[in-house]
file coords03.pdb (PDB, C-alpha atoms)
MODEL        1
ATOM      1  CA  MET O 119     -63.521 -62.221  13.855
ATOM      2  CA  SER O 120     -63.264 -61.120  10.235
ATOM      3  CA  PHE O 121     -59.941 -60.665   8.430
ATOM      4  CA  ARG O 122     -60.536 -56.913   8.030
ATOM      5  CA  LYS O 123     -61.005 -56.446  11.762
ATOM      6  CA  ILE O 124     -57.683 -58.214  12.443
ATOM      7  CA  ILE O 125     -55.510 -56.504   9.764
ATOM      8  CA  GLY O 126     -56.669 -52.977  10.611
ATOM      9  CA  PRO O 127     -55.063 -52.713  14.085
ATOM     10  CA  ILE O 128     -51.897 -54.378  12.741
ATOM     11  CA  ILE O 129     -51.470 -51.702  10.069
ATOM     12  CA  ILE O 130     -52.017 -48.966  12.657
ATOM     13  CA  LEU O 131     -49.353 -50.472  14.921
ATOM     14  CA  ILE O 132     -46.877 -50.704  12.045
ATOM     15  CA  CYS O 133     -47.433 -47.036  11.135
ATOM     16  CA  ILE O 134     -46.900 -45.949  14.742
ATOM     17  CA  GLY O 135     -43.654 -47.969  14.867
ATOM     18  CA  VAL O 136     -42.310 -46.351  11.670
ATOM     19  CA  ILE O 137     -43.113 -42.851  12.927
ATOM     20  CA  ALA O 138     -41.350 -43.559  16.233
ATOM     21  CA  LEU O 139     -38.284 -44.902  14.446
ATOM     22  CA  VAL O 140     -38.059 -41.808  12.229
ATOM     23  CA  PHE O 141     -38.418 -39.548  15.253
ATOM     24  CA  VAL O 142     -35.616 -41.310  17.145
ATOM     25  CA  THR O 143     -33.336 -41.167  14.096
ATOM     26  CA  VAL O 144     -33.948 -37.533  13.121
ATOM     27  CA  LYS O 145     -33.708 -36.051  16.613
ATOM     28  CA  PRO O 146     -29.874 -36.366  17.069
ATOM     29  CA  PHE O 147     -29.405 -35.262  13.482
ATOM     30  CA  SER O 148     -31.331 -32.038  14.145
ATOM     31  CA  LYS O 149     -29.668 -31.489  17.496
ATOM     32  CA  GLU O 150     -26.282 -30.860  15.861
ATOM     33  CA  GLY O 151     -27.812 -28.300  13.542
ATOM     34  CA  LYS O 152     -24.933 -28.793  11.092
ATOM     35  CA  GLY O 153     -26.102 -31.123   8.385
ATOM     36  CA  MET O 154     -24.517 -34.524   8.759
ATOM     37  CA  GLY O 155     -22.338 -33.489  11.700
ATOM     38  CA  GLY O 156     -24.377 -35.613  14.113
ATOM     39  CA  PHE O 157     -23.277 -38.806  12.376
ATOM     40  CA  GLY O 158     -19.665 -38.473  13.560
ATOM     41  CA  GLY O 159     -17.466 -37.897  10.534
ATOM     42  CA  PHE O 160     -19.032 -35.593   7.942
ATOM     43  CA  GLY O 161     -18.733 -31.828   7.991
ATOM     44  CA  ARG O 162     -16.519 -29.819  10.350
ATOM     45  CA  GLY O 163     -18.487 -29.366  13.552
ATOM     46  CA  GLY O 164     -18.607 -31.357  16.760
ATOM     47  CA  MET O 165     -17.060 -34.712  17.501
ATOM     48  CA  GLY O 166     -15.623 -36.585  14.548
ATOM     49  CA  GLN O 167     -14.995 -33.549  12.309
ATOM     50  CA  ASN O 168     -12.724 -33.957   9.283
ATOM     51  CA  VAL O 169      -9.009 -33.559   9.950
ATOM     52  CA  VAL O 170      -7.476 -31.439   7.167
ATOM     53  CA  SER O 171      -3.916 -32.164   6.081
ATOM     54  CA  VAL O 172      -1.809 -28.998   5.932
ATOM     55  CA  ARG O 173       1.744 -27.752   6.225
ATOM     56  CA  THR O 174       2.723 -25.133   8.767
ATOM     57  CA  LYS O 175       5.574 -22.773   9.516
ATOM     58  CA  VAL O 176       6.698 -21.164  12.747
ATOM     59  CA  ALA O 177       6.505 -17.369  12.542
ATOM     60  CA  GLU O 178      10.024 -15.934  12.745
ATOM     61  CA  ILE O 179      11.515 -12.461  12.396
ATOM     62  CA  SER O 180      13.771 -12.261   9.357
ATOM     63  CA  THR O 181      15.074  -9.778   6.805
ATOM     64  CA  LEU O 182      13.833  -9.407   3.241
ATOM     65  CA  HIS O 183      16.501  -8.362   0.746
ATOM     66  CA  ASP O 184      15.122  -6.344  -2.154
ATOM     67  CA  TYR O 185      17.013  -6.169  -5.429
ATOM     68  CA  VAL O 186      17.105  -4.936  -9.023
ATOM     69  CA  ASN O 187      18.066  -7.044 -12.033
ATOM     70  CA  THR O 188      19.727  -5.231 -14.913
ATOM     71  CA  ASN O 189      22.451  -5.685 -17.525
ATOM     72  CA  GLY O 190      25.929  -4.235 -17.738
ATOM     73  CA  GLU O 191      29.279  -4.412 -19.480
ATOM     74  CA  ILE O 192      32.726  -5.217 -18.147
ATOM     75  CA  GLU O 193      35.248  -2.485 -18.903
ATOM     76  CA  PRO O 194      38.593  -1.237 -17.554
ATOM     77  CA  GLN O 195      38.398   1.173 -14.634
ATOM     78  CA  THR O 196      40.789   3.432 -16.520
ATOM     79  CA  SER O 197      40.684   3.728 -20.288
ATOM     80  CA  VAL O 198      42.300   6.462 -22.396
ATOM     81  CA  ASP O 199      42.316   7.157 -26.128
ATOM     82  CA  VAL O 200      45.776   7.938 -27.540
ATOM     83  CA  TYR O 201      46.065  10.996 -29.834
ATOM     84  CA  PRO O 202      49.026  12.296 -31.853
ATOM     85  CA  ASP O 203      50.488  15.731 -31.149
ATOM     86  CA  ILE O 204      50.337  16.640 -34.832
ATOM     87  CA  GLY O 205      48.552  15.511 -37.981
ATOM     88  CA  GLY O 206      50.196  13.505 -40.733
ATOM     89  CA  LYS O 207      50.640   9.974 -41.985
ATOM     90  CA  ILE O 208      51.240   6.963 -39.760
ATOM     91  CA  VAL O 209      54.575   5.484 -40.793
ATOM     92  CA  LYS O 210      55.122   2.981 -37.998
ATOM     93  CA  VAL O 211      53.009   1.158 -35.388
ATOM     94  CA  ASN O 212      54.839  -0.554 -32.514
ATOM     95  CA  VAL O 213      51.880  -2.251 -30.810
ATOM     96  CA  SER O 214      48.879  -4.428 -31.601
ATOM     97  CA  LEU O 215      45.600  -5.319 -29.943
ATOM     98  CA  GLY O 216      46.363  -6.779 -26.506
ATOM     99  CA  SER O 217      49.885  -5.392 -26.249
ATOM    100  CA  LYS O 218      50.944  -4.272 -22.782
ATOM    101  CA  VAL O 219      52.417  -0.772 -22.669
ATOM    102  CA  TYR O 220      53.864   1.535 -20.040
ATOM    103  CA  ARG O 221      53.328   5.226 -19.609
ATOM    104  CA  GLY O 222      55.479   7.206 -22.070
ATOM    105  CA  GLN O 223      56.106   4.259 -24.388
ATOM    106  CA  VAL O 224      56.127   5.124 -28.101
ATOM    107  CA  ILE O 225      53.325   3.228 -29.774
ATOM    108  CA  ALA O 226      53.453   4.856 -33.232
ATOM    109  CA  LEU O 227      55.288   7.400 -35.423
ATOM    110  CA  ILE O 228      53.608  10.146 -37.427
ATOM    111  CA  ASP O 229      55.236  11.779 -40.454
ATOM    112  CA  PRO O 230      53.921  15.356 -40.594
ATOM    113  CA  SER O 231      55.697  16.107 -43.887
ATOM    114  CA  VAL O 232      53.796  17.617 -46.789
ATOM    115  CA  PRO O 233      54.881  17.989 -50.418
ATOM    116  CA  GLY O 234      57.881  20.320 -50.479
ATOM    117  CA  GLU O 235      58.283  20.311 -46.689
ATOM    118  CA  TYR O 236      59.907  17.506 -44.757
ATOM    119  CA  TYR O 237      59.848  17.100 -40.974
ATOM    120  CA  ALA O 238      61.076  14.606 -38.446
ATOM    121  CA  ASN O 239      58.668  11.884 -37.396
ATOM    122  CA  SER O 240      56.526  12.722 -34.379
ATOM    123  CA  PRO O 241      56.179   9.985 -31.709
ATOM    124  CA  VAL O 242      52.794   9.003 -30.268
ATOM    125  CA  VAL O 243      53.203   7.893 -26.636
ATOM    126  CA  ALA O 244      50.973   6.012 -24.219
ATOM    127  CA  PRO O 245      49.544   8.400 -21.586
ATOM    128  CA  ILE O 246      49.049   5.571 -19.020
ATOM    129  CA  SER O 247      50.303   2.071 -18.420
ATOM    130  CA  GLY O 248      47.961  -0.700 -19.442
ATOM    131  CA  THR O 249      46.886  -2.810 -22.405
ATOM    132  CA  ILE O 250      45.944  -1.832 -25.957
ATOM    133  CA  THR O 251      42.201  -2.540 -25.990
ATOM    134  CA  THR O 252      41.400  -1.462 -29.572
ATOM    135  CA  SER O 253      43.142  -2.282 -32.828
ATOM    136  CA  PRO O 254      45.597   0.544 -33.660
ATOM    137  CA  LEU O 255      45.220   2.391 -36.941
ATOM    138  CA  ARG O 256      47.287   0.969 -39.796
ATOM    139  CA  VAL O 257      50.460   2.305 -41.334
ATOM    140  CA  GLY O 258      49.659   4.773 -44.129
ATOM    141  CA  THR O 259      46.541   6.140 -42.438
ATOM    142  CA  LYS O 260      46.302   9.918 -42.484
ATOM    143  CA  VAL O 261      45.368  11.380 -39.120
ATOM    144  CA  THR O 262      44.833  14.728 -37.437
ATOM    145  CA  ALA O 263      45.535  15.810 -33.889
ATOM    146  CA  GLY O 264      41.946  14.793 -33.094
ATOM    147  CA  THR O 265      42.237  11.222 -34.405
ATOM    148  CA  ALA O 266      42.602   8.451 -31.817
ATOM    149  CA  ILE O 267      45.419   6.101 -32.808
ATOM    150  CA  ALA O 268      44.467   3.442 -30.223
ATOM    151  CA  ARG O 269      43.022   3.013 -26.726
ATOM    152  CA  VAL O 270      44.900   1.982 -23.602
ATOM    153  CA  GLY O 271      43.046   0.439 -20.701
ATOM    154  CA  ASP O 272      43.981  -0.885 -17.279
ATOM    155  CA  VAL O 273      42.535  -4.381 -17.728
ATOM    156  CA  ALA O 274      44.003  -5.560 -14.428
ATOM    157  CA  ASN O 275      41.375  -3.481 -12.628
ATOM    158  CA  LEU O 276      37.937  -3.896 -14.131
ATOM    159  CA  GLN O 277      34.544  -2.389 -13.437
ATOM    160  CA  VAL O 278      30.952  -2.969 -14.474
ATOM    161  CA  LYS O 279      28.927  -0.200 -16.073
ATOM    162  CA  ALA O 280      25.170  -0.733 -15.748
ATOM    163  CA  SER O 281      21.965   1.256 -16.209
ATOM    164  CA  VAL O 282      19.181   1.084 -13.612
ATOM    165  CA  PRO O 283      15.534   1.977 -14.482
ATOM    166  CA  GLU O 284      14.290   5.297 -13.131
ATOM    167  CA  ARG O 285      11.712   3.695 -10.803
ATOM    168  CA  TYR O 286      14.554   2.256  -8.684
ATOM    169  CA  VAL O 287      16.581   5.466  -8.440
ATOM    170  CA  TYR O 288      15.440   6.048  -4.833
ATOM    171  CA  ALA O 289      17.478   3.046  -3.682
ATOM    172  CA  LEU O 290      20.741   3.789  -5.489
ATOM    173  CA  LYS O 291      23.815   4.761  -3.472
ATOM    174  CA  THR O 292      27.488   3.895  -3.254
ATOM    175  CA  GLY O 293      28.361   0.842  -1.218
ATOM    176  CA  LEU O 294      25.523  -1.378  -2.480
ATOM    177  CA  LYS O 295      26.572  -4.939  -3.236
ATOM    178  CA  ALA O 296      25.788  -6.874  -6.399
ATOM    179  CA  ASP O 297      26.192 -10.398  -7.768
ATOM    180  CA  ILE O 298      27.580 -10.429 -11.300
ATOM    181  CA  GLU O 299      26.930 -13.336 -13.671
ATOM    182  CA  LEU O 300      28.739 -13.832 -16.984
ATOM    183  CA  GLU O 301      27.559 -15.820 -20.005
ATOM    184  CA  SER O 302      30.926 -17.588 -20.179
ATOM    185  CA  TYR O 303      30.656 -18.940 -16.627
ATOM    186  CA  PRO O 304      27.024 -19.947 -15.939
ATOM    187  CA  GLY O 305      26.307 -20.471 -12.271
ATOM    188  CA  GLU O 306      29.359 -18.496 -11.145
ATOM    189  CA  LYS O 307      28.840 -15.275  -9.181
ATOM    190  CA  PHE O 308      31.344 -12.435  -8.960
ATOM    191  CA  VAL O 309      30.783  -9.913  -6.178
ATOM    192  CA  ALA O 310      30.969  -6.196  -6.951
ATOM    193  CA  THR O 311      30.324  -2.935  -5.103
ATOM    194  CA  VAL O 312      28.729   0.274  -6.372
ATOM    195  CA  THR O 313      31.425   2.972  -6.395
ATOM    196  CA  LYS O 314      29.790   5.666  -8.517
ATOM    197  CA  VAL O 315      26.207   6.755  -9.192
ATOM    198  CA  SER O 316      25.421   9.217 -11.963
ATOM    199  CA  PRO O 317      23.825  12.438 -10.678
ATOM    200  CA  LEU O 318      21.489  12.483 -13.687
ATOM    201  CA  VAL O 319      18.740  10.334 -15.152
ATOM    202  CA  ASP O 320      19.105   9.842 -18.892
ATOM    203  CA  SER O 321      16.131  11.626 -20.471
ATOM    204  CA  VAL O 322      15.966   9.191 -23.392
ATOM    205  CA  SER O 323      16.390   5.779 -21.743
ATOM    206  CA  ARG O 324      14.980   6.854 -18.345
ATOM    207  CA  THR O 325      17.809   5.093 -16.589
ATOM    208  CA  LYS O 326      20.612   6.091 -14.232
ATOM    209  CA  GLU O 327      24.145   4.834 -14.776
ATOM    210  CA  VAL O 328      26.035   3.140 -11.968
ATOM    211  CA  ILE O 329      29.627   1.933 -11.826
ATOM    212  CA  LEU O 330      30.549  -1.163  -9.831
ATOM    213  CA  ASN O 331      34.050  -2.356  -9.013
ATOM    214  CA  LEU O 332      34.746  -6.069  -8.687
ATOM    215  CA  ASP O 333      35.688  -6.927  -5.107
ATOM    216  CA  GLU O 334      38.382  -9.356  -6.270
ATOM    217  CA  ASN O 335      40.442  -9.519  -9.441
ATOM    218  CA  ASP O 336      39.729 -12.662 -11.434
ATOM    219  CA  ASP O 337      41.514 -13.597 -14.658
ATOM    220  CA  ARG O 338      38.285 -15.098 -16.005
ATOM    221  CA  VAL O 339      36.628 -11.674 -16.092
ATOM    222  CA  GLN O 340      37.605  -9.763 -19.203
ATOM    223  CA  ALA O 341      36.842  -6.333 -20.568
ATOM    224  CA  GLY O 342      34.016  -6.322 -23.099
ATOM    225  CA  MET O 343      32.058  -9.163 -21.486
ATOM    226  CA  PHE O 344      28.287  -8.888 -21.084
ATOM    227  CA  ALA O 345      27.209  -8.967 -17.435
ATOM    228  CA  LYS O 346      23.937  -9.769 -15.678
ATOM    229  CA  VAL O 347      23.738  -7.592 -12.578
ATOM    230  CA  HIS O 348      21.732  -8.639  -9.505
ATOM    231  CA  LEU O 349      21.935  -5.436  -7.441
ATOM    232  CA  TRP O 350      20.893  -5.661  -3.780
ATOM    233  CA  THR O 351      19.098  -2.445  -2.852
ATOM    234  CA  VAL O 352      17.002  -2.300   0.347
ATOM    235  CA  ASP O 353      16.813  -4.544   3.426
ATOM    236  CA  TYR O 354      13.469  -4.803   5.227
ATOM    237  CA  ALA O 355      14.246  -5.996   8.741
ATOM    238  CA  GLY O 356      12.564  -6.370  12.119
ATOM    239  CA  SER O 357       9.296  -8.077  11.148
ATOM    240  CA  ILE O 358       7.891 -11.573  10.838
ATOM    241  CA  THR O 359       7.961 -12.879   7.271
ATOM    242  CA  LEU O 360       5.715 -15.528   5.717
ATOM    243  CA  PRO O 361       5.103 -16.908   2.235
ATOM    244  CA  THR O 362       2.813 -14.420   0.505
ATOM    245  CA  ASN O 363       0.417 -17.127  -0.690
ATOM    246  CA  SER O 364      -0.257 -18.191   2.922
ATOM    247  CA  VAL O 365      -2.104 -14.878   3.426
ATOM    248  CA  ILE O 366      -5.737 -15.007   2.286
ATOM    249  CA  GLU O 367      -7.494 -11.817   1.184
ATOM    250  CA  VAL O 368     -11.285 -11.471   1.229
ATOM    251  CA  ASN O 369     -13.088  -8.149   0.840
ATOM    252  CA  LYS O 370      -9.775  -6.291   1.213
ATOM    253  CA  GLU O 371      -9.134  -7.960   4.573
ATOM    254  CA  LYS O 372      -6.098 -10.205   4.963
ATOM    255  CA  TYR O 373      -5.791 -13.111   7.340
ATOM    256  CA  VAL O 374      -3.862 -16.267   8.119
ATOM    257  CA  TYR O 375      -4.723 -19.419  10.048
ATOM    258  CA  VAL O 376      -2.857 -19.832  13.346
ATOM    259  CA  VAL O 377      -2.585 -23.317  14.856
ATOM    260  CA  LYS O 378      -3.633 -23.616  18.513
ATOM    261  CA  ASP O 379      -2.422 -26.130  21.096
ATOM    262  CA  ASP O 380      -5.296 -28.527  20.375
ATOM    263  CA  GLU O 381      -4.370 -28.659  16.665
ATOM    264  CA  THR O 382      -7.336 -26.550  15.620
ATOM    265  CA  VAL O 383      -6.925 -23.272  13.766
ATOM    266  CA  GLU O 384      -7.904 -19.695  14.458
ATOM    267  CA  ARG O 385      -8.463 -17.108  11.752
ATOM    268  CA  ARG O 386      -6.160 -14.154  12.479
ATOM    269  CA  TYR O 387      -6.396 -10.840  10.629
ATOM    270  CA  VAL O 388      -3.015  -9.324   9.807
ATOM    271  CA  THR O 389      -1.416  -6.246   8.278
ATOM    272  CA  LEU O 390       1.252  -6.685   5.602
ATOM    273  CA  GLY O 391       4.405  -4.653   5.136
ATOM    274  CA  SER O 392       6.894  -4.910   2.290
ATOM    275  CA  SER O 393       7.083  -7.899  -0.038
ATOM    276  CA  VAL O 394       9.976  -9.377  -1.981
ATOM    277  CA  ASP O 395       9.305 -12.173  -4.455
ATOM    278  CA  ASP O 396       7.162 -14.761  -2.617
ATOM    279  CA  GLU O 397       7.746 -13.477   0.932
ATOM    280  CA  SER O 398       5.853 -10.736   2.807
ATOM    281  CA  GLN O 399       6.291  -8.935   6.102
ATOM    282  CA  ILE O 400       3.578  -9.323   8.758
ATOM    283  CA  VAL O 401       3.710  -6.073  10.736
ATOM    284  CA  GLU O 402       0.554  -6.575  12.845
ATOM    285  CA  GLY O 403      -1.629  -9.444  14.031
ATOM    286  CA  LEU O 404       0.949 -12.180  14.554
ATOM    287  CA  SER O 405       3.533 -12.974  17.226
ATOM    288  CA  GLU O 406       6.912 -14.612  16.831
ATOM    289  CA  GLY O 407       6.806 -18.323  17.576
ATOM    290  CA  GLU O 408       3.178 -18.895  16.555
ATOM    291  CA  ARG O 409       2.541 -21.669  14.056
ATOM    292  CA  VAL O 410       0.858 -20.626  10.804
ATOM    293  CA  VAL O 411      -0.682 -22.747   8.049
ATOM    294  CA  VAL O 412       1.199 -22.150   4.797
ATOM    295  CA  GLU O 413      -0.279 -24.934   2.624
ATOM    296  CA  GLY O 414      -3.805 -26.302   2.564
ATOM    297  CA  MET O 415      -5.348 -23.207   4.193
ATOM    298  CA  ARG O 416      -7.952 -22.632   1.469
ATOM    299  CA  VAL O 417     -10.337 -25.261   2.845
ATOM    300  CA  LEU O 418     -10.057 -24.184   6.487
ATOM    301  CA  SER O 419     -12.381 -22.178   8.698
ATOM    302  CA  ASN O 420     -12.303 -21.175  12.355
ATOM    303  CA  GLY O 421     -11.978 -24.261  14.550
ATOM    304  CA  SER O 422     -10.978 -26.657  11.782
ATOM    305  CA  LYS O 423      -8.942 -29.612  12.983
ATOM    306  CA  ILE O 424      -5.610 -29.999  11.175
ATOM    307  CA  ARG O 425      -2.838 -32.516  10.773
ATOM    308  CA  ASP O 426       0.587 -31.098   9.958
ATOM    309  CA  ILE O 427       2.028 -33.418   7.309
ATOM    310  CA  GLY O 428       5.174 -31.299   7.187
ATOM    311  CA  LYS O 429       6.331 -33.387  10.137
ATOM    312  CA  ASN O 430       6.177 -36.480   7.956
ATOM    313  CA  SER O 431       8.015 -36.127   4.662
ATOM    314  CA  ALA O 432       6.351 -39.256   3.279
ATOM    315  CA  ALA O 433       2.857 -37.842   3.687
ATOM    316  CA  GLU O 434       1.066 -35.822   1.062
ATOM    317  CA  ILE O 435      -1.922 -33.525   1.156
ATOM    318  CA  ASN O 436      -5.080 -35.455   0.275
ATOM    319  CA  PRO O 437      -6.223 -34.053  -3.101
ATOM    320  CA  ALA O 438      -9.835 -34.612  -2.053
ATOM    321  CA  GLU O 439      -9.359 -32.093   0.750
ATOM    322  CA  GLU O 440      -8.066 -29.390  -1.609
ATOM    323  CA  LYS O 441     -11.474 -28.333  -2.866
ATOM    324  CA  THR O 442     -12.782 -24.895  -3.591
ATOM    325  CA  GLU O 443     -14.735 -23.203  -0.829
ATOM    326  CA  THR O 444     -16.587 -19.920  -0.903
ATOM    327  CA  GLU O 445     -15.030 -17.707   1.768
ATOM    328  CA  GLY O 446     -17.069 -15.214   3.701
ATOM    329  CA  GLY O 447     -16.271 -12.508   6.219
ATOM    330  CA  LYS O 448     -15.264 -12.915   9.846
ATOM    331  CA  ASP O 449     -16.544 -15.906  11.760
TER     332      ASP O 449
ENDMDL
END
call {"tool": "encode", "arguments": {"input": "coords03.pdb", "output": "structure tokens"}}
result
Amino acid sequence: MSFRKIIGPIIILICIGVIALVFVTVKPFSKEGKGMGGFGGFGRGGMGQNVVSVRTKVAEISTLHDYVNTNGEIEPQTSVDVYPDIGGKIVKVNVSLGSKVYRGQVIALIDPSVPGEYYANSPVVAPISGTITTSPLRVGTKVTAGTAIARVGDVANLQVKASVPERYVYALKTGLKADIELESYPGEKFVATVTKVSPLVDSVSRTKEVILNLDENDDRVQAGMFAKVHLWTVDYAGSITLPTNSVIEVNKEKYVYVVKDDETVERRYVTLGSSVDDESQIVEGLSEGERVVVEGMRVLSNGSKIRDIGKNSAAEINPAEEKTETEGGKD
């Protein structure tokens, strides 16, 4: 038998074997219908899907506390300018800046005499008890009945005067609490309460003035100090709250990923309520006690298998799993 007659059938048999091998290999691959999913480890479908590392949080009902940050100034609750009863020349001053005075105390003498006419000195008295908060005018100064000689303030009882932007006027009322911070005492907070709210909005600054009284007297707080005011305004209660960035928005629809008992996730569409800083209310679509993915949710889809690394402080999210994925509509 010639060589050609022998090699021909062998080549045919080899070709048939290769075709059969390809058929056996490709069939389970096609059966999964999900790319490499049939090889047990690539993709997200079927047995052996990737397990995505995430962090979760249990949905709980809590209260969001809204606030306004503004600036203010510490000043006495009571402050009165002191005027003479008659014009003339100041001939004596009995007080200085910081002097404590009582109501009716003579703080200065005015000589109302004019050339050719001489009169007894006229006393200038303090109308209230308190402390001299401005430097009195000097001896020799000519004054009229409309000239303030000094100012007396009750520095034992201080208040904060602040201006709140017009857009927050709806929330202003007496009784609101505020945390006051002073440049001199960084990190310290002094609690105050709104006692007065101006009935008008300033047409120039577009702000409304509020007065806050300090809840406790503190010798460290002094009139004239600059104050940072953190004013608590509205409480949003009665709803589940979650970190705002755990809510994904696609085509104006908002959803979160809820963890099921088998450690897979379900896409859940939700309705948001009010938001404060990085927290938002979930008013529909979620029940208290359900576990929600709050980190690592961008690479998830319905049915994804997850591993909650929040239960292990030493674990970290695998950077390779935090990849960008084009998100579509509902699954």
call {"tool": "resolve_selection", "arguments": {"input": "coords03.pdb", "expression": "the PyMOL selection byres ((chain O and resi 362) around 7)", "output": "PyMOL selection string"}}
result
chain O and resi 360-361+363-365+396-398
call {"tool": "closest_residue", "arguments": {"input": "coords03.pdb", "among": "O:Val410, O:Leu418, O:Val312, O:Val368", "to": "Thr174 (chain O)", "atoms": "only C-alpha atoms"}}
result
O:Val410
call {"tool": "resolve_selection", "arguments": {"input": "coords03.pdb", "expression": "the PyMOL selection byres ((chain O and resi 200) around 9)", "output": "ChimeraX atom specification"}}
result
/O:198-199,201-202,242-245,265-270
call {"tool": "closest_residue", "arguments": {"input": "coords03.pdb", "among": "O:Tyr303, O:Tyr236, O:Tyr375, O:Tyr220", "to": "Gly248 (chain O)", "atoms": "all atoms listed in the file"}}
result
O:Tyr220
call {"tool": "resolve_selection", "arguments": {"input": "coords03.pdb", "expression": "the PyMOL selection byres ((chain O and resi 354) around 12)", "output": "compact mmCIF listing (two decimals) with C-alpha atoms, keeping the file's coordinate frame"}}
result
# COMPACT_ATOMS: atom_id res chain seq x y z
CA ILE O 179 11.52 -12.46 12.40
CA SER O 180 13.77 -12.26 9.36
CA THR O 181 15.07 -9.78 6.80
CA LEU O 182 13.83 -9.41 3.24
CA HIS O 183 16.50 -8.36 0.75
CA ASP O 184 15.12 -6.34 -2.15
CA TYR O 185 17.01 -6.17 -5.43
CA TRP O 350 20.89 -5.66 -3.78
CA THR O 351 19.10 -2.44 -2.85
CA VAL O 352 17.00 -2.30 0.35
CA ASP O 353 16.81 -4.54 3.43
CA ALA O 355 14.25 -6.00 8.74
CA GLY O 356 12.56 -6.37 12.12
CA SER O 357 9.30 -8.08 11.15
CA ILE O 358 7.89 -11.57 10.84
CA THR O 359 7.96 -12.88 7.27
CA GLY O 391 4.40 -4.65 5.14
CA SER O 392 6.89 -4.91 2.29
CA SER O 393 7.08 -7.90 -0.04
CA VAL O 394 9.98 -9.38 -1.98
CA GLU O 397 7.75 -13.48 0.93
CA SER O 398 5.85 -10.74 2.81
CA GLN O 399 6.29 -8.94 6.10
CA ILE O 400 3.58 -9.32 8.76
CA VAL O 401 3.71 -6.07 10.74
call {"tool": "residues_around", "arguments": {"input": "coords03.pdb", "residues": "Gln277 (chain O)", "least_positions_apart": "5", "cutoff": "9 Å", "atoms": "all atoms listed in the file", "output": "ChimeraX atom specification"}}
result
/O:191-195,310,329-332,341
call {"tool": "closest_residue", "arguments": {"input": "coords03.pdb", "among": "O:Leu349, O:Val172, O:Ile132, O:Leu255", "to": "Gly414 (chain O)", "atoms": "all atoms listed in the file"}}
result
O:Val172
call {"tool": "atom_distance", "arguments": {"input": "coords03.pdb", "atom1": "CA of Pro304 (chain O)", "atom2": "CA of Asn335 (chain O)"}}
result
18.2 Å
call {"tool": "residues_around", "arguments": {"input": "coords03.pdb", "residues": "Val411 (chain O)", "least_positions_apart": "3", "cutoff": "12 Å", "atoms": "only C-alpha atoms", "output": "PyMOL selection string"}}
result
chain O and resi 170-177+360-366+373-378+381-386+408+414-419+422-428
call {"tool": "atom_distance", "arguments": {"input": "coords03.pdb", "atom1": "CA of Val315 (chain O)", "atom2": "CA of Gly293 (chain O)"}}
result
10.2 Å
call {"tool": "closest_residue", "arguments": {"input": "coords03.pdb", "among": "O:Gly403, O:Gly190, O:Gly421, O:Gly305", "to": "Val278 (chain O)", "atoms": "all atoms listed in the file"}}
result
O:Gly190
call {"tool": "atom_distance", "arguments": {"input": "coords03.pdb", "atom1": "CA of Arg285 (chain O)", "atom2": "CA of Glu367 (chain O)"}}
result
27.4 Å
call {"tool": "closest_residue", "arguments": {"input": "coords03.pdb", "among": "O:Thr389, O:Ser240, O:Thr292, O:Ser247", "to": "Gly222 (chain O)", "atoms": "all atoms listed in the file"}}
result
O:Ser247
call {"tool": "residues_around", "arguments": {"input": "coords03.pdb", "residues": "Leu318 (chain O)", "least_positions_apart": "3", "cutoff": "12 Å", "atoms": "all atoms listed in the file", "output": "list of chain:residue names"}}
result
O:Ser281, O:Val282, O:Glu284, O:Val287, O:Leu290, O:Lys314, O:Val315, O:Ser321, O:Val322, O:Ser323, O:Arg324, O:Thr325, O:Lys326, O:Glu327, O:Val328
call {"tool": "closest_residue", "arguments": {"input": "coords03.pdb", "among": "O:Ala289, O:Gly205, O:Thr196, O:Lys210", "to": "Thr249 (chain O)", "atoms": "only C-alpha atoms"}}
result
O:Thr196
call {"tool": "residues_around", "arguments": {"input": "coords03.pdb", "residues": "Ile298 (chain O)", "least_positions_apart": "6", "cutoff": "7 Å", "atoms": "only C-alpha atoms", "output": "list of chain:residue names"}}
result
O:Lys307, O:Phe308, O:Val309, O:Ala310, O:Ala345, O:Lys346, O:Val347, O:His348
call {"tool": "write_last_selection", "arguments": {"input": "coords03.pdb", "atoms": "C-alpha atoms", "output": "PDB file, keeping the file's coordinate frame"}}
result
ATOM      1  CA  LYS O 307      28.840 -15.275  -9.181  1.00  0.00           C
ATOM      2  CA  PHE O 308      31.344 -12.435  -8.960  1.00  0.00           C
ATOM      3  CA  VAL O 309      30.783  -9.913  -6.178  1.00  0.00           C
ATOM      4  CA  ALA O 310      30.969  -6.196  -6.951  1.00  0.00           C
ATOM      5  CA  ALA O 345      27.209  -8.967 -17.435  1.00  0.00           C
ATOM      6  CA  LYS O 346      23.937  -9.769 -15.678  1.00  0.00           C
ATOM      7  CA  VAL O 347      23.738  -7.592 -12.578  1.00  0.00           C
ATOM      8  CA  HIS O 348      21.732  -8.639  -9.505  1.00  0.00           C
TER       9      HIS O 348
END
